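**Student:** Here you go, one structure.
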Amino acid sequence: MGQFHARRAEGRPNRFRSAAIAFLVAFGLTVSAGAAIAGTASGNKGYYSVGGYSYANQSIITTGSTDTARVEVWKNPRTGLVPAGYVGALARGYRDVTGTDPLVCSAGYYYNANATQGYAVNCYFTGSSGSAYYSYGVTKGWTGSVYNAYFAPRSPNQTA
């Protein structure tokens with residue numbers, strides 16, 4: 001008996017290969033389109049000094065699979081540590097609606113329980129597709145007798 005060899009005819013398309021390529025292209029376009037809808041926007045850094053320490057803070061908004069308003073605070077420059085209880089941070093997220101800007105999330109103040117160089121606080125919300133959101137956090141620094149509040153510059157809008 002003769003041997004049987006499977007062979008694709010030259011010039012004829014391989015249907016399985018064509019279907020696999022079409023699937024991968026469609027999947028890649030779907031993933032890319034989803035990534036373009038969501039994103040992250042960071043505000044400018046704010047700087048302040050209180051109680052013998054210098055700090056920086058920043059508001060950040062992220063939309064996508066997890067909608068998050070974030071505020072970060074850190075010792076500036078990032079050398080050494082500040083003692084426990086010297087820094088507080090409050091994350092707040094807002095929906096950008098002309099004239100009202102309702103609060104969509106707030107995490108409450110968190111204070112550093114241990115000596116730290118810096119940390120972040122997040123709050124989470126469920127965004128509406130096509131709506132714009134921003135983060136506008138607040139951080140606090142210990143003067144030695146009271147906490148002073150410092151607003152982290154507002155993030156740019158990010159559309160959900």
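We label chains A, B, ... in the order they appear in the structure tokens, count residues from 1 in each chain, and number ligands from 1 in the order shown.
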Tell me, as an MDAnalysis selection string, which residues lie within 7 Å of Leu81 in chain A, counting only C-alpha atoms; anything in the same chain fewer than 2 positions away does not count.

**Tutor:** chainID A and resid 79 83 115:117

**Student:** I need the residue nearest Asn114 in chain A from this list: A:Arg70, A:Gly51, A:Gly88, A:Ile61. Use only C-alpha atoms for the distance.

**Tutor:**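 Nearest candidate to Asn114 in chain A out of A:Arg70, A:Gly51, A:Gly88, A:Ile61: A:Gly88.
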
**Student:** By how many Å are CA of Glu72 in chain A and CA of Val138 in chain A apart?

**Tutor:**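 These atoms are spaced 9.2 Å apart.
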
**Student:** Taking into account only C-alpha atoms, which residue in the set A:Tyr150, A:Tyr119, A:Tyr111, A:Tyr136 is nearest to Ala91 in chain A?

**Tutor:** A:Tyr136
